[in-house]
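Enquirer: One file is attached below, my_file25.cif, containing mmCIF, C-alpha atoms.
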```cif
data_query
loop_
_atom_site.label_atom_id
_atom_site.label_comp_id
_atom_site.auth_asym_id
_atom_site.auth_seq_id
_atom_site.Cartn_x
_atom_site.Cartn_y
_atom_site.Cartn_z
CA MET A 1 85.89 50.36 -52.78
CA PHE A 2 86.49 47.30 -50.65
CA ARG A 3 84.92 43.98 -51.71
CA GLY A 4 82.83 43.91 -48.58
CA ASP A 5 81.35 47.32 -49.41
CA ALA A 6 80.22 46.03 -52.84
CA ASP A 7 78.48 43.07 -51.21
CA THR A 8 76.58 45.27 -48.78
CA THR A 9 75.29 47.48 -51.59
CA VAL A 10 74.34 44.67 -54.00
CA THR A 11 72.48 42.50 -51.50
CA PRO A 12 69.78 45.07 -50.59
CA ALA A 13 69.32 45.82 -54.29
CA LEU A 14 68.78 42.15 -55.07
CA THR A 15 66.44 41.83 -52.10
CA ASN A 16 64.39 44.82 -53.22
CA ALA A 17 64.23 43.51 -56.78
CA LEU A 18 63.02 40.12 -55.55
CA ALA A 19 60.42 41.76 -53.28
CA THR A 20 59.20 43.85 -56.19
CA ARG A 21 58.83 40.79 -58.41
CA VAL A 22 56.92 38.91 -55.70
CA ALA A 23 54.65 41.91 -55.17
CA LEU A 24 53.93 42.12 -58.90
CA ALA A 25 53.35 38.38 -59.16
CA SER A 26 50.90 38.48 -56.24
CA ARG A 27 48.64 40.70 -58.34
CA THR A 28 48.33 38.13 -61.12
CA TRP A 29 45.54 35.59 -61.34
CA TRP A 30 47.89 32.63 -61.72
CA PHE A 31 49.77 33.53 -58.53
CA ARG A 32 46.52 33.64 -56.56
CA VAL A 33 45.40 30.32 -58.04
CA ILE A 34 48.72 28.73 -57.04
CA VAL A 35 48.38 30.08 -53.49
CA VAL A 36 44.81 28.76 -53.22
CA PHE A 37 45.89 25.35 -54.47
CA LEU A 38 48.89 25.10 -52.12
CA VAL A 39 46.92 26.20 -49.05
CA SER A 40 44.15 23.73 -49.85
CA ARG A 41 46.72 20.94 -50.23
CA VAL A 42 48.12 21.75 -46.79
CA VAL A 43 44.63 21.39 -45.30
CA THR A 44 43.92 18.14 -47.14
CA THR A 45 47.35 16.72 -46.27
CA ALA A 46 46.64 17.40 -42.60
CA MET A 47 43.36 15.49 -42.91
CA LEU A 48 45.04 12.54 -44.62
CA LEU A 49 47.86 12.41 -42.06
CA ALA A 50 45.33 12.49 -39.23
CA LEU A 51 43.48 9.60 -40.83
CA ALA A 52 46.71 7.68 -41.50
CA SER A 53 47.74 8.03 -37.86
CA VAL A 54 44.74 5.95 -36.76
CA GLN A 55 44.65 3.62 -39.76
CA GLY A 56 44.96 -0.03 -38.80
CA PRO A 57 46.42 -2.85 -40.88
CA ASN A 58 44.68 -3.19 -44.23
CA PRO A 59 45.11 -5.04 -47.54
CA TRP A 60 47.63 -2.45 -48.77
CA THR A 61 49.63 -1.21 -45.78
CA GLY A 62 50.47 -1.93 -42.18
CA ALA A 63 49.11 0.14 -39.29
CA HIS A 64 49.84 3.89 -39.26
CA PRO A 65 51.25 4.13 -42.82
CA GLY A 66 53.29 7.06 -44.06
CA TYR A 67 51.67 9.63 -46.29
CA PHE A 68 52.76 8.28 -49.68
CA ASP A 69 51.90 4.67 -48.87
CA PHE A 70 48.52 5.79 -47.55
CA ALA A 71 47.93 7.87 -50.68
CA ALA A 72 48.47 4.83 -52.94
CA ILE A 73 45.85 2.41 -51.58
CA TRP A 74 42.56 1.40 -53.23
CA ASP A 75 42.74 2.02 -57.00
CA GLY A 76 46.30 3.21 -56.54
CA ARG A 77 47.28 -0.43 -56.11
CA TRP A 78 45.58 -1.32 -59.40
CA TYR A 79 47.50 1.42 -61.21
CA ASN A 80 50.66 0.15 -59.54
CA ILE A 81 49.96 -3.32 -60.96
CA VAL A 82 49.42 -1.82 -64.42
CA SER A 83 52.74 0.04 -64.12
CA GLY A 84 54.65 -3.08 -63.20
CA TRP A 85 52.84 -5.95 -64.87
CA GLY A 86 50.44 -4.56 -67.46
CA TYR A 87 47.22 -6.33 -68.47
CA PRO A 88 46.27 -10.02 -68.45
CA ALA A 89 45.87 -11.83 -71.75
CA GLN A 90 43.55 -14.25 -69.99
CA LEU A 91 40.73 -12.78 -67.92
CA PRO A 92 40.40 -14.06 -64.32
CA ILE A 93 37.39 -16.28 -63.70
CA THR A 94 35.55 -16.38 -60.36
CA ALA A 95 34.21 -19.51 -58.69
CA THR A 96 30.82 -18.80 -60.27
CA GLY A 97 32.32 -18.62 -63.76
CA ALA A 98 32.06 -14.82 -64.09
CA ILE A 99 34.86 -12.41 -65.02
CA GLY A 100 36.61 -11.15 -61.90
CA GLU A 101 38.14 -7.76 -61.10
CA ASN A 102 41.32 -7.09 -63.10
CA THR A 103 43.48 -4.32 -64.50
CA TRP A 104 41.58 -3.89 -67.78
CA ALA A 105 39.31 -1.51 -65.85
CA PHE A 106 42.25 0.91 -65.42
CA MET A 107 43.47 2.79 -68.46
CA PRO A 108 47.17 3.07 -69.30
CA ALA A 109 48.01 6.79 -69.69
CA TYR A 110 48.40 7.59 -65.98
CA PRO A 111 50.52 4.55 -64.99
CA ALA A 112 52.59 4.98 -68.17
CA LEU A 113 53.40 8.56 -67.18
CA ILE A 114 54.31 7.39 -63.68
CA ASN A 115 56.76 4.93 -65.20
CA VAL A 116 58.36 7.72 -67.22
CA VAL A 117 58.73 9.94 -64.14
CA MET A 118 60.12 7.03 -62.12
CA PHE A 119 62.68 6.31 -64.83
CA ILE A 120 63.81 9.94 -64.98
CA THR A 121 63.78 10.75 -61.27
CA ARG A 122 64.23 7.31 -59.68
CA LEU A 123 61.41 8.15 -57.28
CA PRO A 124 59.44 5.27 -55.70
CA TRP A 125 56.10 4.50 -57.33
CA PRO A 126 53.82 6.09 -54.66
CA VAL A 127 55.87 9.29 -54.57
CA ALA A 128 55.92 9.65 -58.35
CA ALA A 129 52.18 8.96 -58.53
CA VAL A 130 51.33 11.58 -55.90
CA PHE A 131 53.54 14.25 -57.48
CA ILE A 132 51.97 13.64 -60.90
CA SER A 133 48.47 13.89 -59.45
CA ALA A 134 49.35 17.09 -57.60
CA GLY A 135 50.94 18.61 -60.69
CA PHE A 136 47.88 17.93 -62.81
CA GLY A 137 45.70 19.17 -59.95
CA LEU A 138 47.47 22.52 -60.00
CA GLY A 139 47.26 22.63 -63.78
CA SER A 140 43.53 21.89 -63.57
CA ALA A 141 42.98 24.76 -61.14
CA LEU A 142 44.81 27.15 -63.48
CA LEU A 143 42.87 25.97 -66.53
CA LEU A 144 39.57 26.14 -64.65
CA TYR A 145 40.06 29.83 -63.91
CA ARG A 146 40.92 30.48 -67.55
CA LEU A 147 37.84 28.55 -68.72
CA LEU A 148 35.37 30.29 -66.40
CA ARG A 149 36.63 33.88 -66.35
CA PRO A 150 35.12 34.97 -69.71
CA ARG A 151 31.76 33.64 -68.55
CA ILE A 152 31.40 34.59 -64.89
CA GLY A 153 34.10 37.18 -64.25
CA SER A 154 37.35 37.15 -62.28
CA SER A 155 35.94 37.21 -58.73
CA ALA A 156 33.52 34.33 -59.24
CA SER A 157 36.12 32.37 -61.22
CA MET A 158 38.65 32.67 -58.41
CA PHE A 159 36.06 31.52 -55.88
CA ALA A 160 35.14 28.63 -58.18
CA VAL A 161 38.82 27.64 -58.03
CA VAL A 162 38.64 27.79 -54.23
CA LEU A 163 35.61 25.49 -54.27
CA PHE A 164 37.34 23.17 -56.72
CA CYS A 165 40.37 22.93 -54.42
CA VAL A 166 38.34 22.25 -51.24
CA ALA A 167 35.61 20.12 -52.83
CA PRO A 168 34.66 16.91 -51.00
CA VAL A 169 36.60 14.73 -53.46
CA SER A 170 39.49 17.18 -53.98
CA PRO A 171 41.92 14.88 -52.09
CA LEU A 172 42.05 12.95 -55.37
CA MET A 173 44.39 15.68 -56.58
CA GLN A 174 47.09 14.33 -54.28
CA LEU A 175 46.33 10.60 -54.30
CA ALA A 176 47.50 7.87 -56.66
CA TYR A 177 44.40 8.18 -58.82
CA ALA A 178 44.12 9.25 -62.49
CA GLU A 179 41.35 11.80 -61.82
CA SER A 180 43.46 14.97 -61.73
CA MET A 181 45.24 14.02 -64.97
CA TYR A 182 41.87 13.33 -66.59
CA ILE A 183 40.32 16.57 -65.30
CA PHE A 184 43.29 18.54 -66.63
CA PHE A 185 42.77 17.25 -70.17
CA LEU A 186 39.00 17.52 -69.85
CA ILE A 187 39.16 21.21 -68.93
CA LEU A 188 41.67 21.76 -71.73
CA GLY A 189 39.35 19.94 -74.14
CA LEU A 190 36.30 21.96 -73.08
CA ASP A 191 38.28 25.18 -73.43
CA LEU A 192 39.34 24.20 -76.95
CA MET A 193 35.76 23.28 -77.85
CA VAL A 194 34.43 26.58 -76.52
CA ARG A 195 37.11 28.50 -78.44
CA ARG A 196 36.49 26.32 -81.53
CA ARG A 197 40.08 25.15 -81.81
CA TYR A 198 38.95 21.80 -83.18
CA GLY A 199 42.26 20.59 -84.59
CA TRP A 200 43.96 20.73 -81.19
CA LEU A 201 41.21 18.54 -79.72
CA ILE A 202 42.51 15.41 -81.45
CA PRO A 203 45.60 14.88 -79.23
CA VAL A 204 43.76 16.10 -76.13
CA VAL A 205 40.84 13.69 -76.64
CA THR A 206 43.30 10.87 -77.32
CA VAL A 207 45.11 11.30 -74.01
CA MET A 208 41.84 11.86 -72.16
CA ALA A 209 40.28 8.69 -73.57
CA PHE A 210 43.24 6.61 -72.39
CA THR A 211 43.25 8.18 -68.92
CA ARG A 212 39.64 7.72 -67.80
CA PRO A 213 36.48 6.53 -69.62
CA SER A 214 35.39 9.70 -71.36
CA GLY A 215 35.27 9.49 -75.14
CA ILE A 216 31.58 8.67 -75.51
CA ALA A 217 30.49 11.51 -73.20
CA PHE A 218 32.77 14.01 -74.91
CA ALA A 219 31.58 12.83 -78.33
CA LEU A 220 27.98 13.47 -77.26
CA ALA A 221 28.90 16.97 -76.04
CA MET A 222 30.72 17.65 -79.32
CA GLY A 223 27.73 16.37 -81.28
CA LEU A 224 25.40 18.73 -79.41
CA HIS A 225 27.88 21.54 -80.03
CA VAL A 226 27.84 20.84 -83.79
CA VAL A 227 24.03 20.67 -83.93
CA TYR A 228 23.72 23.92 -81.99
CA ARG A 229 26.19 25.72 -84.23
CA TRP A 230 24.25 24.53 -87.26
CA VAL A 231 20.93 25.73 -85.82
CA VAL A 232 22.26 29.21 -84.98
CA ARG A 233 24.46 29.56 -88.07
CA GLU A 234 22.45 32.56 -89.33
CA ARG A 235 23.50 34.73 -86.40
CA ASP A 236 26.77 32.91 -85.63
CA PRO A 237 28.50 31.86 -88.87
CA PHE A 238 29.53 28.22 -89.12
CA PRO A 239 32.09 28.07 -91.96
CA VAL A 240 32.47 24.89 -93.98
CA ALA A 241 35.98 24.28 -92.66
CA GLU A 242 34.73 24.41 -89.08
CA ARG A 243 31.81 22.13 -89.92
CA ILE A 244 34.17 19.51 -91.29
CA ALA A 245 36.62 19.86 -88.41
CA SER A 246 33.97 19.75 -85.68
CA VAL A 247 32.21 16.71 -87.17
CA ALA A 248 35.57 14.96 -87.55
CA VAL A 249 36.40 15.60 -83.89
CA THR A 250 32.97 14.31 -82.86
CA ILE A 251 33.50 11.06 -84.76
CA PHE A 252 37.07 10.77 -83.50
CA SER A 253 35.92 11.25 -79.88
CA GLY A 254 33.40 8.44 -80.24
CA LEU A 255 36.04 6.14 -81.72
CA ALA A 256 38.48 7.12 -78.96
CA GLY A 257 35.85 6.17 -76.41
CA LEU A 258 35.56 2.72 -77.99
CA ALA A 259 39.31 2.23 -78.47
CA TRP A 260 40.16 0.82 -75.04
CA PRO A 261 37.29 -1.73 -75.01
CA GLY A 262 38.44 -2.70 -78.51
CA ILE A 263 42.05 -3.14 -77.40
CA ALA A 264 40.90 -5.26 -74.46
CA ALA A 265 38.82 -7.41 -76.80
CA ILE A 266 41.75 -8.00 -79.18
CA ALA A 267 44.23 -8.71 -76.38
CA THR A 268 42.01 -11.18 -74.52
CA GLY A 269 39.95 -12.68 -77.32
CA SER A 270 36.75 -11.67 -75.54
CA LEU A 271 34.55 -9.08 -77.23
CA THR A 272 33.12 -7.98 -73.87
CA ALA A 273 36.37 -8.10 -71.86
CA TYR A 274 36.24 -4.48 -70.78
CA THR A 275 32.54 -4.28 -69.95
CA ASP A 276 32.63 -7.65 -68.15
CA THR A 277 35.55 -6.37 -66.10
CA GLU A 278 33.69 -3.19 -65.18
CA LEU A 279 30.61 -5.21 -64.24
CA ALA A 280 32.68 -7.15 -61.70
CA TRP A 281 32.75 -4.09 -59.46
CA ARG A 282 28.97 -3.96 -59.13
CA ALA A 283 28.67 -7.71 -58.51
CA PRO A 284 28.96 -7.41 -54.69
CA TYR A 285 25.77 -5.37 -54.77
CA ILE A 286 23.49 -6.97 -57.37
CA GLY A 287 25.46 -9.99 -58.55
CA TYR A 288 26.88 -10.60 -62.02
CA THR A 289 24.63 -9.16 -64.68
CA GLU A 290 24.71 -8.18 -68.33
CA LEU A 291 25.41 -4.58 -69.32
CA VAL A 292 22.06 -3.03 -70.18
CA PRO A 293 22.38 0.73 -70.73
CA PHE A 294 20.26 2.92 -68.43
CA SER A 295 19.34 0.02 -66.16
CA ALA A 296 22.06 0.29 -63.50
CA TRP A 297 20.72 3.35 -61.69
CA PHE A 298 17.26 1.82 -61.42
CA GLU A 299 18.79 -1.42 -60.14
CA GLY A 300 20.84 0.66 -57.74
CA ALA A 301 17.83 2.61 -56.50
CA ASN A 302 16.09 -0.67 -55.80
CA TRP A 303 19.15 -2.09 -53.99
CA TRP A 304 19.83 0.97 -51.83
CA PHE A 305 16.22 1.49 -50.80
CA ALA A 306 14.79 -2.03 -50.71
CA THR A 307 17.79 -4.24 -49.89
CA PHE A 308 20.02 -1.89 -47.89
CA LEU A 309 17.46 0.34 -46.14
CA GLY A 310 14.51 -2.06 -46.13
CA LEU A 311 12.18 0.54 -47.65
CA PRO A 312 9.67 0.05 -50.47
CA SER A 313 11.44 -0.11 -53.82
CA TRP A 314 9.03 2.43 -55.33
CA LEU A 315 10.58 5.04 -53.03
CA GLY A 316 13.96 4.45 -54.65
CA MET A 317 12.52 4.72 -58.14
CA THR A 318 10.66 7.90 -57.22
CA ALA A 319 13.79 9.42 -55.68
CA LEU A 320 15.82 8.62 -58.80
CA VAL A 321 13.25 10.15 -61.13
CA LEU A 322 13.14 13.27 -58.96
CA VAL A 323 16.94 13.57 -58.98
CA ILE A 324 17.02 13.28 -62.78
CA ALA A 325 14.25 15.87 -63.13
CA LEU A 326 15.95 18.21 -60.67
CA PHE A 327 19.23 17.99 -62.58
CA ALA A 328 17.43 18.79 -65.82
CA VAL A 329 15.89 21.86 -64.20
CA VAL A 330 19.26 22.96 -62.78
CA LEU A 331 20.69 23.14 -66.30
CA PHE A 332 18.25 25.97 -67.04
CA VAL A 333 18.74 27.95 -63.84
CA PRO A 334 20.05 31.45 -64.71
CA ALA A 335 23.29 30.93 -62.75
CA VAL A 336 24.05 27.75 -64.70
CA LYS A 337 23.07 29.36 -68.01
CA ARG A 338 25.80 31.93 -67.32
CA LEU A 339 28.32 29.12 -67.94
CA GLY A 340 27.44 29.08 -71.61
CA VAL A 341 25.75 26.52 -73.81
CA ASP A 342 28.84 24.37 -74.45
CA LEU A 343 29.58 23.72 -70.77
CA ARG A 344 25.92 22.89 -70.25
CA PHE A 345 26.15 20.45 -73.15
CA TRP A 346 29.03 18.77 -71.34
CA LEU A 347 27.09 18.60 -68.06
CA ALA A 348 24.10 17.05 -69.79
CA SER A 349 26.24 14.63 -71.82
CA TYR A 350 28.23 13.43 -68.84
CA ALA A 351 25.04 12.99 -66.81
CA VAL A 352 23.56 10.84 -69.59
CA TYR A 353 26.81 8.86 -69.74
CA LEU A 354 26.75 8.16 -65.99
CA LEU A 355 23.08 7.24 -66.13
CA ALA A 356 23.70 4.86 -69.03
CA PHE A 357 26.72 2.94 -67.76
CA PHE A 358 27.53 3.36 -64.07
CA PHE A 359 26.08 1.74 -60.97
CA PRO A 360 25.51 4.15 -58.04
CA GLN A 361 27.78 3.32 -55.10
CA SER A 362 30.39 5.09 -52.98
CA SER A 363 32.61 5.62 -56.03
CA THR A 364 29.87 7.79 -57.53
CA PHE A 365 31.09 10.75 -55.45
CA ARG A 366 34.41 10.52 -57.31
CA LEU A 367 32.66 10.09 -60.65
CA LEU A 368 30.82 13.37 -60.12
CA LEU A 369 34.09 15.33 -60.24
CA PRO A 370 33.75 16.03 -64.02
CA MET A 371 30.64 18.04 -63.12
CA PHE A 372 33.05 20.77 -61.94
CA PRO A 373 31.54 23.52 -64.20
CA LEU A 374 28.63 23.69 -61.72
CA LEU A 375 31.08 25.21 -59.23
CA GLY A 376 31.06 28.29 -61.43
CA ALA A 377 27.35 28.71 -60.79
CA LEU A 378 27.79 28.18 -57.04
CA ALA A 379 30.56 30.79 -57.02
CA LEU A 380 28.48 33.64 -58.47
CA PRO A 381 27.06 35.16 -55.24
CA LYS A 382 29.56 37.68 -53.84
CA ASN A 383 28.24 37.69 -50.28
CA TRP A 384 31.21 36.90 -48.03
CA ALA A 385 29.11 35.10 -45.42
CA TYR A 386 27.77 32.81 -48.15
CA ARG A 387 31.25 32.10 -49.46
CA ILE A 388 32.73 31.37 -46.03
CA VAL A 389 29.87 29.03 -45.12
CA LEU A 390 30.19 27.22 -48.44
CA VAL A 391 33.94 26.66 -47.96
CA VAL A 392 33.34 25.33 -44.43
CA VAL A 393 30.61 22.99 -45.69
CA PHE A 394 32.91 21.72 -48.45
CA LEU A 395 35.75 21.09 -46.00
CA LEU A 396 33.44 19.22 -43.62
CA ALA A 397 32.16 17.15 -46.56
CA GLN A 398 35.77 16.48 -47.58
CA TRP A 399 36.54 15.12 -44.12
CA GLY A 400 33.37 13.04 -44.29
CA TRP A 401 34.36 11.62 -47.68
CA LEU A 402 37.80 10.68 -46.37
CA LEU A 403 36.29 8.99 -43.32
CA MET A 404 33.69 7.09 -45.30
CA CYS A 405 35.62 6.22 -48.46
CA TRP A 406 39.38 6.47 -47.98
CA GLY A 407 40.03 5.13 -44.49
CA VAL A 408 39.85 1.34 -44.42
CA ASP A 409 37.83 -0.30 -41.64
CA GLY A 410 38.03 -4.08 -41.83
CA ALA A 411 36.13 -5.55 -44.80
CA ASP A 412 35.38 -2.10 -46.18
CA TRP A 413 32.62 -1.93 -48.79
CA SER A 414 32.78 1.80 -49.52
CA PRO A 415 35.66 2.28 -51.99
CA PRO A 416 36.45 5.81 -53.14
#
```
Show me, as structure tokens, the structure contained in the file I just sent.

Expert:
Amino acid sequence: MFRGDADTTVTPALTNALATRVALASRTWWFRVIVVFLVSRVVTTAMLLALASVQGPNPWTGAHPGYFDFAAIWDGRWYNIVSGWGYPAQLPITATGAIGENTWAFMPAYPALINVVMFITRLPWPVAAVFISAGFGLGSALLLYRLLRPRIGSSASMFAVVLFCVAPVSPLMQLAYAESMYIFFLILGLDLMVRRRYGWLIPVVTVMAFTRPSGIAFALAMGLHVVYRWVVRERDPFPVAERIASVAVTIFSGLAGLAWPGIAAIATGSLTAYTDTELAWRAPYIGYTELVPFSAWFEGANWWFATFLGLPSWLGMTALVLVIALFAVVLFVPAVKRLGVDLRFWLASYAVYLLAFFFPQSSTFRLLLPMFPLLGALALPKNWAYRIVLVVVFLLAQWGWLLMCWGVDGADWSPP
């Protein structure tokens, strides 16, 4: 047999084998999740490029920036500063004597990982940051399907992944923000909690707590999980070893949530260095104030309704109370109850955490991303018209979020 004849017989065989493998892979859940994620990133990239093409000069880039430079503005610049220069030992002081904005508000895990990737690959900072965010975004989509499938089934779980990938703030999964890394470890942590793999939660909670503020909220969810297991121990055994492990993880999560403020206090000599730094971001709205838990949303309701809209302040307070009551009711809607008690504990705990410590502004849309389990409830109806309309609404909201929060228009006051 001539050599050429061998080549012509082997090549079709290899081609057929490859086609067979692709066909088999296409039937797997992980292949479909990857396809959904990649298609959604193409759509979001097109939106970002369209916005970049009309972007004027701004504090971070010149006019019409390239994709990676455009993806690294806003908080991306703060993470870039952390990567290159770390954290100040002396807190910046404003003209009024208050603590100014500084890098202590941005935790170190994400920029540290970027530095590692830059060292290995020699990629520029914005490129490394975007690839890390996208990688964790894909990982989050895969973990989300795995988390939801035992609770709502394969069809609804896959559609929940679609909603996750086209959600209004889903561009964060390809921007120089720590959100996708945080969401990855949060989903992993929730999955471990649900499956009662308490020992593995220690490293996961550690990374999570140094990626985004999260330890206190997760500790509250773990605490509710422990109490619930104790209450139902007659019908669902709660062995002594699991009691000890779950309580230990709860305590550890709380300590992890306090670790970064503690490190900031030691490094700067100011006990309130971290909280004072965080308060600097709400100062443009209500001035420099003390941190009083559960007051910020009421102050925000007053500012948005009375100061910004010129409406009676009681309308803002009423609206806030109604929103809180509506959320409490939503947690007991049958579709949400399908998610299971542990995911509902997380939703309630994170809501309490936001209500206690965060001021409502344009960044709140981003801060709602950890509420992702609710997508599982939205994904339950199997009506195709409903699903198509919901995807279209999400994509329109995504474009609206990019226009309002990401694009920079002069002295922009609506940060993402």

Enquirer: Near A:Pro415, within 10 Å and counting only C-alpha atoms, which residues show up once chain neighbours fewer than 4 positions away are dropped, as a PyMOL selection string?

Expert: chain A and resi 74-75+361-364+366+404-408

Enquirer: I'd like the neighbourhood of A:Phe394 as a list in words, where a residue qualifies if any of its atoms comes within 10 Å (using only C-alpha atoms), though same-chain residues fewer than 5 positions away should be ignored.

Expert: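 Counting only C-alpha atoms, the residues come to Leu163, Phe164, Cys165, Val166, Ala167, Pro168, Val169, Ser170, Ile388, Val389, Trp399 and Gly400 of chain A.
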
Enquirer: Any idea what's packed within 12 Å of A:Trp78, counting all atoms listed in the file, ignoring anything in its chain fewer than 3 positions away? Could you give it as a PyMOL selection string?

Expert: chain A and resi 60+72-75+81-87+101-108+110-111+176-178

Enquirer: Run the PyMOL selection byres ((chain A and resi 335-347) around 7) on the file and write out the hits as a PDB file with C-alpha atoms, in the frame of the given file.

Expert:
```pdb
ATOM      1  CA  ARG A 151      31.760  33.640 -68.550  1.00  0.00           C
ATOM      2  CA  ILE A 152      31.400  34.590 -64.890  1.00  0.00           C
ATOM      3  CA  VAL A 194      34.430  26.580 -76.520  1.00  0.00           C
ATOM      4  CA  ALA A 221      28.900  16.970 -76.040  1.00  0.00           C
ATOM      5  CA  LEU A 224      25.400  18.730 -79.410  1.00  0.00           C
ATOM      6  CA  HIS A 225      27.880  21.540 -80.030  1.00  0.00           C
ATOM      7  CA  LEU A 331      20.690  23.140 -66.300  1.00  0.00           C
ATOM      8  CA  PHE A 332      18.250  25.970 -67.040  1.00  0.00           C
ATOM      9  CA  VAL A 333      18.740  27.950 -63.840  1.00  0.00           C
ATOM     10  CA  PRO A 334      20.050  31.450 -64.710  1.00  0.00           C
ATOM     11  CA  ALA A 348      24.100  17.050 -69.790  1.00  0.00           C
ATOM     12  CA  SER A 349      26.240  14.630 -71.820  1.00  0.00           C
ATOM     13  CA  TYR A 350      28.230  13.430 -68.840  1.00  0.00           C
ATOM     14  CA  ALA A 351      25.040  12.990 -66.810  1.00  0.00           C
ATOM     15  CA  MET A 371      30.640  18.040 -63.120  1.00  0.00           C
ATOM     16  CA  PRO A 373      31.540  23.520 -64.200  1.00  0.00           C
ATOM     17  CA  LEU A 374      28.630  23.690 -61.720  1.00  0.00           C
ATOM     18  CA  ALA A 377      27.350  28.710 -60.790  1.00  0.00           C
TER      19      ALA A 377
END
```

Enquirer: Using all atoms listed in the file, determine which residues lie at most 12 Å from A:Phe238, disregarding the query and same-chain residues fewer than 6 positions distant; provide the list as an MDAnalysis selection string.

Expert: chainID A and resid 196 225:232 244:247

Enquirer: From the list A:Leu311, A:Ser414, A:Phe294, A:Gly66, which residue is nearest A:Ser53 when using only C-alpha atoms?

Expert: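 For A:Ser53, the nearest of the given residues is A:Gly66.
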
Enquirer: Could you expand the PyMOL selection byres ((chain A and resi 376) around 7) into the explicit residues it covers here, written as a list in words?

Expert: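 This file, filtered by the PyMOL selection byres ((chain A and resi 376) around 7), leaves Leu148, Ala156, Ser157, Ala160, Pro373, Leu374, Leu375, Ala377, Leu378, Ala379 and Leu380 of chain A.
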
Enquirer: Apply the PyMOL selection byres ((chain A and resi 293) around 10) to the file shown and report the selected residues as a VMD selection string.

Expert: chain A and resid 290 to 292 294 to 297 353 to 358

Enquirer: What is the distance between atom CA of A:Arg212 and atom CA of A:Val329, in Å to one decimal?

Expert: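 Result for atom CA of A:Arg212 versus atom CA of A:Val329: 27.9 Å, one decimal.
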
Enquirer: Between A:Phe37, A:Trp29, A:Trp260, A:Asp191, single out the one closest to A:Phe136, counting all atoms listed in the file.

Expert: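 Of A:Phe37, A:Trp29, A:Trp260, A:Asp191, the one nearest A:Phe136 is A:Phe37, counting all atoms listed in the file.
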
Enquirer: Atom CA of A:Met47 and atom CA of A:Val117, how far apart in Å?

Expert: 26.8 Å

Enquirer: One number please: atom CA of A:Ala273 to atom CA of A:Phe184, in Å, one decimal.

Expert: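 Result for atom CA of A:Ala273 versus atom CA of A:Phe184: 28.0 Å, one decimal.
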
Enquirer: Would you compute, for all listed atoms of stretch 251-260 of chain A, the axis-aligned bounding box grown by 6 Å on each side, and then report its centre and edge lengths in Å rounded to one decimal, as lines of an AutoDock Vina configuration file?

Expert:
```
center_x = 36.8
center_y = 6.0
center_z = -79.9
size_x = 18.8
size_y = 22.4
size_z = 21.7
```

Enquirer: At a cut-off of 9 Å from (43.2, 17.2, -68.1) in the coordinates of the file, what residues are picked up using only C-alpha atoms, written as a compact mmCIF listing (two decimals) with C-alpha atoms, in the frame of the given file?

Expert:
```txt
# COMPACT_ATOMS: atom_id res chain seq x y z
CA PHE A 136 47.88 17.93 -62.81
CA GLY A 137 45.70 19.17 -59.95
CA GLY A 139 47.26 22.63 -63.78
CA SER A 140 43.53 21.89 -63.57
CA LEU A 143 42.87 25.97 -66.53
CA GLU A 179 41.35 11.80 -61.82
CA SER A 180 43.46 14.97 -61.73
CA MET A 181 45.24 14.02 -64.97
CA TYR A 182 41.87 13.33 -66.59
CA ILE A 183 40.32 16.57 -65.30
CA PHE A 184 43.29 18.54 -66.63
CA PHE A 185 42.77 17.25 -70.17
CA LEU A 186 39.00 17.52 -69.85
CA ILE A 187 39.16 21.21 -68.93
CA LEU A 188 41.67 21.76 -71.73
CA GLY A 189 39.35 19.94 -74.14
CA VAL A 204 43.76 16.10 -76.13
CA VAL A 207 45.11 11.30 -74.01
CA MET A 208 41.84 11.86 -72.16
```
